[in-house]
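Scroll down for the structure; my scribbles are underneath it.
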Amino acid sequence: MIPVQFDYVAPTTLGEALTALSQHGDDAKIIAGGQSLLPVLRMRLNAPEMVIDLGKIEELRGIRDDGDAIVIGAMTPHAVVGSDPLVAEHAALIPKAIEHLADAQIRHRGTFGGALAHADPAGDLGAPVLALGATFVIAGPAGVRTVPADEFFVDLFETAINDDEILTEVRIPKHTGWGAHYEKFVRVAHQWPIVAVAATLQTNGGTISEARVGLTNMGSTPIRARGVEEALAGQPATADAVRTASERATEGTNPPSDLNGDAEYRRHLAGVLTRRAVLNAAGA
Amino acid sequence: MTAVQDAPAAESEIGKDRRRKEDQRLITGRTRWTDNIALPGMLHLAMVRSPHAHAKVLSIETAAANAMTNVVDVLTGADLGEAQGVNANAWPITTDQVTPNHLPMAIDRVAFAGEIVAVVVARTAAEARDAAELVDVEYEELPAALDLKEAAADTVLAHPDLGTNKSAFWQLDSAGQGSGRAIDEVLEEARRDGIVIEREYRQQRLIPAFMEPRSTVVDPTGEQITMWSATQIPHITRFLLAATTGVPESKIRVIAPDVGGGFGGKLQTTPEEWITWFVARRIGKPCKYTETRSESLVSAHHGRDQWQKLTLAATKEGRVTGLKVDLLADLGAYVGIVGGGVPVLGAWMFNAIYKWDAYQFNCTTVLTNKTWVDAYRGAGRPEATYAIERMMDELAAEVGKDPLEVREMNWIKHEEFPFTTVAGMTYDSGNYEAATAKAKQMFGYDELRAEQEQRRANNDTVQLGIGISTFTEMCGLAPSRVLGQLNYGAGGWEHASIRMLPTGKVEVITGASAHGQGHETAFSQIVADRLGVPFEDVEILHGDTQVSHKGLDTYGSRSLVVGGEALVLAADKVIEKARPIAAHLLEASVDDLEFANGRFSVRGTDQGTSITEVALATFASHNYPEGMEPGIDAESTYDPVNFSFPHGTHLCAVEVDTETGGLKLRKYVCVDDIGNIINPLIVAGQVHGGLVQGIAQALWEEAVYDDAGTLVSGSFVDYLLPTAADTISFEIDHTTSPSTTNTLGTKGVGEAGTIASTPAVVNAVVDAVRHLGINDITMPCTPERVWRAINHSGGGGADPTEESAMPHFSPDGPNQDHGETGEGEDL
Ligand SMILES: Cc1cc2nc3c(=O)[nH]c(=O)nc-3n(C[C@H](O)[C@H](O)[C@H](O)COP(=O)(O)OP(=O)(O)OC[C@H]3O[C@@H](n4cnc5c(N)ncnc54)[C@H](O)[C@@H]3O)c2cc1C
């Protein structure tokens with residue numbers, strides 16, 4: 001497990017990092033926490049000539065309150081995001097997902113931005129940020145642009161970030177007071193989800209006024225379960241109503257088949273887990 | 001001189017919860033693992049492995065690799081030729097066994113994906129790895145024999161020149177050997193007016209997955225060639241290096257330094273060891289090879305992989321009258337060191353703790369184009385125990401009785417020991433009633449059965465299942481004469497020697513070769529008690545053929561019951577050698593001396609001397625009896641007279657989520673009878689680890705190949721090993737029926753947990769859903785399989801697993817532009 005030899009720089013500002021990236025173009029790879037990139041390099045599935053480490057860039061780290069949004073710096077480790085009181089208050093779905101993400105070591109190394117940029121369809125953060133309607137802030141040679149979550153995830157391991165760009169932060173619209181639950185189905189604790197469902201919702205006297213539901217590992221990208229969301233709006237948070245709405249969880253999905261289960265089984269799981277996630281988020 | 005008080009009876013070391021003295025260095029890693037060894041001028045090897053399951057090697061282009069900076073040489077199978085020796089099979093189970101020649105490096109044909117075709121030698125490991133990617137091998141793919149049943153039908157040949165895939169057929173027949181009636185008769189009777197149950201079970205392929213990957217260093221720069229290797233078997237390795245490479249045994253030293261686990265997976269002489277040996281000798285410099293985890297998963301031998309066809313005969317009341325077993329065992333591409341023998345070891349265990357009239361065991365070993373299969377914790381006994389304990393539950397369901405009641409109707413009563421079974425083994429001791437009663441009480445059996453009833457009646461989403469396994473095993477390999485009858489290539493004795501150092505310290509040398517078991521602690525306790533010296537003063541040396549010149553290493557739960565007994569004999573010899581010297585020093589008659597708590601004392605007086613004082617006196621040798629040797633060191637070789645037969649009752653409760661098929665362990669209780677216990681803490685560790693490993697077969701682990709013969713579960717993303725987070729707190733206890741076959745009264749415990757737990761868990765899973773018309777779920781019982789069994793009523797959930805890995809790190813992931821480095825297959 002020895003990677004091919006590469007050069008390494010660790011710039012201290014975003015500007016330097018962007019310059020290094022544009023100088024080396026295709027031959028460069030960014031490293032954040034390294035929890036996905038290093039296995040790929042060590043298994044020799046990729047061999048960049050230059051690795052640009054974002055670890056020393058302070059401006060990419062941290063969490064702040066910005067009016068109607070919480071802003072999470074791309075280089076903030078999972079463990080920090082997962083235990084942050086601001087995030088817990090305004091985007092409770094995110095810590096719920098991080099609680100079950102990998103193991104403690106990986107949560108201290110892996111970063112919020114790195115995981116989203118990696119865009120593993122089985123990654124635990126895609127569905128929650130999609131459900132919460134996050135905005136991605138991406139810096140490149142031409143300046144800074146923003147991409148809505150709906151357009152960020154392009155395909156398996158592919159996002160709207162171009163080769164010469166860096167994800168700097170993710171803006172999460174506040175969902176203060178919303179109930180939230182992340183229902184992750186695994187065979188062993190340290191596993192990526194076979195299927196997971198992220199649900200956050202607002203209730204008003206036992207009625208669901210608005211629900212947002214994201215699916216993990218039900219297609220080549222995280223998927224917003226819009227059919228379920230529609231069906232839930234205005235419904236009572238009861239087992240029967242939620243069960244009926246959850247039947248629409250498979251709409252627009254295209255789940256993979258692997259050693260943990262085939263597509264048919266995953267579709268079945270999506271329905272069950274959606275029901276459980278929604279009922280849990282509703283506190284029912 | 002004041003009157004000497006009676007020394008307080010020294011507290012016995014045996015039975016004490018001693019913390020393991022070796023753990024600090026093992027856990028912190030501040031020790032000598034093979035890969036930590038660096039010798040002056042040492043070169044590093046990287047292997048080039050076949051990506052194909054079966055192919056002709058047409059050509060190998062090495063020039064580009066050879067031209068790389070700091071590459072010293074690139075060698076192919078043709079370069080190594082016959083001089084590389086062979087990886088031997090030490091146990092041909094029949095005289096006409098078909099055994100493919102196993103060269104460490106293939107020359108013109110590869111027989112499994114992962115087989116080595118070339119080796120790169122460079123100054124650093126990284127340079128060797130880089131250059132290995134430039135070795136260009138041209139293959140012509142051949143049809144591969146992959147599926148075990150198809151291979152047994154010889155449709156495609158794994159080794160075309162052998163003409164068959166069937167390696168051997170081995171039978172044990174109770175009528176034939178006079179230990180019981182004829183199976184056909186008994187089956188016919190049962191068909192007429194009893195019960196016949198037929199089932200087929202799959203023992204999936206497993207990967208031993210020891211923590212420390214294998215590593216070998218060879219230093220050829222002296223008259224004597226030294227090999228350090230992460231192996232369970234330094235002594236056997238030395239013997240086979242001599243036997244297959246022509247180097248005199250006296251010029252070979254093999255050292256197994258600290259070894260990070262084996263589970264049978266390091267009970268092998270490996271191609272990688274032989275190649276490192278060859279290259280170091282050819283180049284004349286020390287060489288190191290350390291495998292990557294990916295290499296380990298494809299090339300270190302796998303375990304289990306059998307189809308088991310079972311036909312059980314019983315009376316209508318549930319008394320078993322006979323069992324017929326038809327096994328197909330996958331050997332993989334080559335017959336490993338004891339590869340053919342592993343399934344055969346199960347032959348005496350299918351009858352377990354039960355009394356039957358007739359029994360027949362038929363085993364066919366089969367060659368395929370997959371990684372070779374050999375010993376894995378339990379070796380043959382888990383397979384047998386699984387089959388019979390599953391069948392006992394099926395029988396209980398058939399006759400409508402509680403599975404514990406059916407077992408009790410059939411088991412050997414405690415007053416019947418020693419008991420000769422229908423398979424012809426004589427069990428030393430046991431008390432199945434006592435272990436079961438204790439386990440039931442700890443488990444809260446009746447309460448859980450009531451809860452199960454309740455959940456069934458309520459049609460709960462979560463159903464509860466209770467699984468039972470009343471296992472026994474034979475351990476302590478092995479009486480040499482028995483091995484001789486089985487055509488095994490070695491004996492089963494063990495050797496020990498004791499050196500009484502002048503400073504009062506005691507050096508104990510054992511031929512057992514620990515790789516995580518805790519021998520240093522347990523053996524120190526035995527010797528400290530026997531010689532009456534402090535525990536801290538005993539040092540256990542092992543694993544180096546120069547220090548421990550004689551031994552048969554560690555596997556098959558043998559170290560304590562065989563190696564421990566050799567220690568006792570050696571210690572007794574030390575005492576007997578010291579006695580006349582002590583008498584001489586005390587000016588007393590030998591007959592008047594008593595030895596207790598490390599002291600010889602003259603009966604009826606306050607005079608005495610300690611054994612360590614005698615050791616010091618013999619070191620000085622100023623004063624010792626005429627005509628004697630000045631020394632009290634001693635050694636001993638012990639050959640066991642019989643196996644020992646530990647047993648236990650394991651009870652497991654599992655919750656099954658019928659909506660998802662998800663499983664949750666609720667409770668696990670085991671009461672093991674392993675005879676006398678030397679160190680309860682070590683025993684608890686062995687039981688816990690063993691349980692997890694057995695539970696992992698039931699629920700998580702499976703080596704899966706695709707249609708091309710590629711190992712799909714080729715990383716720990718897809719080969720699911722459990723961690724502490726996946727298990728529960730086990731409740732363990734013991735009953736004690738001392739073994740009658742050794743003086744310590746001990747039985748083995750290293751494999752007990754693994755053997756017992758697999759059927760306990762699967763029985764629990766099936767029990768949870770039996771009322772839904774299900775009588776089997778294929779291992780590992782994945783949630784998908786459980787769900788399918790529930791939703792497609794029955795069927796055993798035996799649908800083939802989807803042969804595809806999760807894509808996190810797969811070469812097919814679109815954002816992994818792997819054009820740069822080539823295949824990405826030889827890691
Ligand atoms: C054993 C194991 C188990 C895991 N289990 C889970 C799990 O259960 N759930 C889960 O969600 N994840 C899991 N992960 C993945 C983990 O969450 C990683 O931390 C994450 O996927 C990658 O984050 P990172 O910061 O380590 O990124 P890196 O590995 O450093 O980078 C990943 C990719 O993103 C790119 N990248 C990183 N940062 C940026 C940026 N700011 N801008 C542009 N591109 C960037 C890199 O170039 C690289 O291609 C697991 C990982 C391991 C090793």
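FYI, nothing fancy with the structure tokens labels: chains A, B, ... in order, residues from 1 per chain, ligands from 1 as they appear.
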
7 Å shell around ligand 1 using only C-alpha atoms and all ligand atoms, listed as an MDAnalysis selection string
chainID A and resid 29:39 74:75 100:103 106:107 109:115 117:118 120 122:125 161 165:168 190:193

Identify, with DSSP run on backbone atoms, the residues in region 89-227 of chain A assigned to strand (DSSP E or B), and express the list as a PyMOL selection string.
chain A and resi 111+135-140+143-148+153-155+158-159+166-173+179-185+195-204+207-216+223-224

Using only C-alpha atoms, find which residues of chain A lie within 9 Å of chain B and jot them down as number ranges by chain.
A: 1-5, 36, 39-40, 42-48, 118, 120-122, 155-158, 185-192, 256-262, 265-266, 268-269, 272-273

Extract, using only C-alpha atoms, all DNA, RNA and protein residues at most 9 Å from Val81 (chain A), discarding same-chain residues fewer than 5 positions from it, and format them as a PDB file with N, CA, C and O atoms, in the first residue's frame.
```pdb
ATOM      1  N   GLY A  62     -13.871  26.327  10.345  1.00  0.00           N
ATOM      2  CA  GLY A  62     -14.719  27.000  11.340  1.00  0.00           C
ATOM      3  C   GLY A  62     -16.169  27.109  10.911  1.00  0.00           C
ATOM      4  O   GLY A  62     -16.531  26.888   9.747  1.00  0.00           O
ATOM      5  N   ILE A  63     -16.993  27.475  11.885  1.00  0.00           N
ATOM      6  CA  ILE A  63     -18.436  27.545  11.688  1.00  0.00           C
ATOM      7  C   ILE A  63     -18.909  28.910  12.159  1.00  0.00           C
ATOM      8  O   ILE A  63     -18.498  29.377  13.218  1.00  0.00           O
ATOM      9  N   ILE A  72     -20.439  26.654   7.146  1.00  0.00           N
ATOM     10  CA  ILE A  72     -19.447  25.673   7.607  1.00  0.00           C
ATOM     11  C   ILE A  72     -18.263  25.698   6.645  1.00  0.00           C
ATOM     12  O   ILE A  72     -18.412  25.470   5.441  1.00  0.00           O
ATOM     13  N   THR A  76     -13.520  22.090   8.013  1.00  0.00           N
ATOM     14  CA  THR A  76     -13.917  21.779   9.389  1.00  0.00           C
ATOM     15  C   THR A  76     -14.126  20.274   9.534  1.00  0.00           C
ATOM     16  O   THR A  76     -14.884  19.680   8.762  1.00  0.00           O
ATOM     17  N   VAL A  87     -24.769  24.554  14.881  1.00  0.00           N
ATOM     18  CA  VAL A  87     -25.275  23.589  13.901  1.00  0.00           C
ATOM     19  C   VAL A  87     -26.419  22.787  14.516  1.00  0.00           C
ATOM     20  O   VAL A  87     -27.460  22.585  13.886  1.00  0.00           O
ATOM     21  N   ALA A  88     -26.223  22.375  15.760  1.00  0.00           N
ATOM     22  CA  ALA A  88     -27.258  21.576  16.418  1.00  0.00           C
ATOM     23  C   ALA A  88     -28.566  22.361  16.509  1.00  0.00           C
ATOM     24  O   ALA A  88     -29.651  21.811  16.324  1.00  0.00           O
ATOM     25  N   ILE A  94     -27.768  17.641  10.540  1.00  0.00           N
ATOM     26  CA  ILE A  94     -26.353  17.359  10.248  1.00  0.00           C
ATOM     27  C   ILE A  94     -25.654  16.590  11.373  1.00  0.00           C
ATOM     28  O   ILE A  94     -25.061  15.538  11.110  1.00  0.00           O
ATOM     29  N   PRO A  95     -25.729  17.047  12.614  1.00  0.00           N
ATOM     30  CA  PRO A  95     -25.115  16.225  13.671  1.00  0.00           C
ATOM     31  C   PRO A  95     -25.729  14.837  13.784  1.00  0.00           C
ATOM     32  O   PRO A  95     -25.034  13.877  14.118  1.00  0.00           O
ATOM     33  N   ILE A  98     -23.815  12.893  11.303  1.00  0.00           N
ATOM     34  CA  ILE A  98     -22.395  12.730  11.633  1.00  0.00           C
ATOM     35  C   ILE A  98     -22.191  11.730  12.769  1.00  0.00           C
ATOM     36  O   ILE A  98     -21.199  10.993  12.787  1.00  0.00           O
ATOM     37  N   THR A 111     -13.091  15.796   6.656  1.00  0.00           N
ATOM     38  CA  THR A 111     -13.671  17.139   6.722  1.00  0.00           C
ATOM     39  C   THR A 111     -15.035  17.187   6.040  1.00  0.00           C
ATOM     40  O   THR A 111     -15.346  16.386   5.151  1.00  0.00           O
ATOM     41  N   PHE A 112     -15.788  18.191   6.449  1.00  0.00           N
ATOM     42  CA  PHE A 112     -17.121  18.414   5.899  1.00  0.00           C
ATOM     43  C   PHE A 112     -17.036  18.641   4.388  1.00  0.00           C
ATOM     44  O   PHE A 112     -17.727  17.991   3.605  1.00  0.00           O
TER      45      PHE A 112
END
```

To one decimal in Å, tell me the separation between CA of Ala63 (chain B) and CA of Tyr139 (chain B).
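Result for CA of Ala63 (chain B) versus CA of Tyr139 (chain B): 17.5 Å, one decimal.
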
Quick one: residues within 7 Å of region 229-243 of chain A, only C-alpha atoms, excluding same-chain residues fewer than 6 positions away - as a list in words?
Gly206, Thr207, Ile208, Ser209, Glu210, Ala211, Arg212, Val213, Arg275, Leu279, Ala282 and Ala284 of chain A

What parts of region 468-621 of chain B does DSSP call alpha helix (DSSP H)? I'd like the answer as a PyMOL selection string.
chain B and resi 480-485+519-531+565-586+611-620

Please provide the set of residues having any atom within 12 Å of Pro640 (chain B), restricted to only C-alpha atoms, with same-chain residues fewer than 3 positions apart removed, written as a ChimeraX atom specification.
/B:475-483,491-495,558-566,637,643-644,740-743

Set the distance at 8 Å and use only C-alpha atoms: which residues neighbour Ala160 (chain A) once local chain neighbours fewer than 4 positions away are removed? I'd like the list as number ranges by chain.
A: 147, 151-154

Considering only C-alpha atoms, can you say which of B:Val669, B:Met392, B:Ala300, B:Ile353 comes closest to Ile412 (chain B)?
B:Ile353
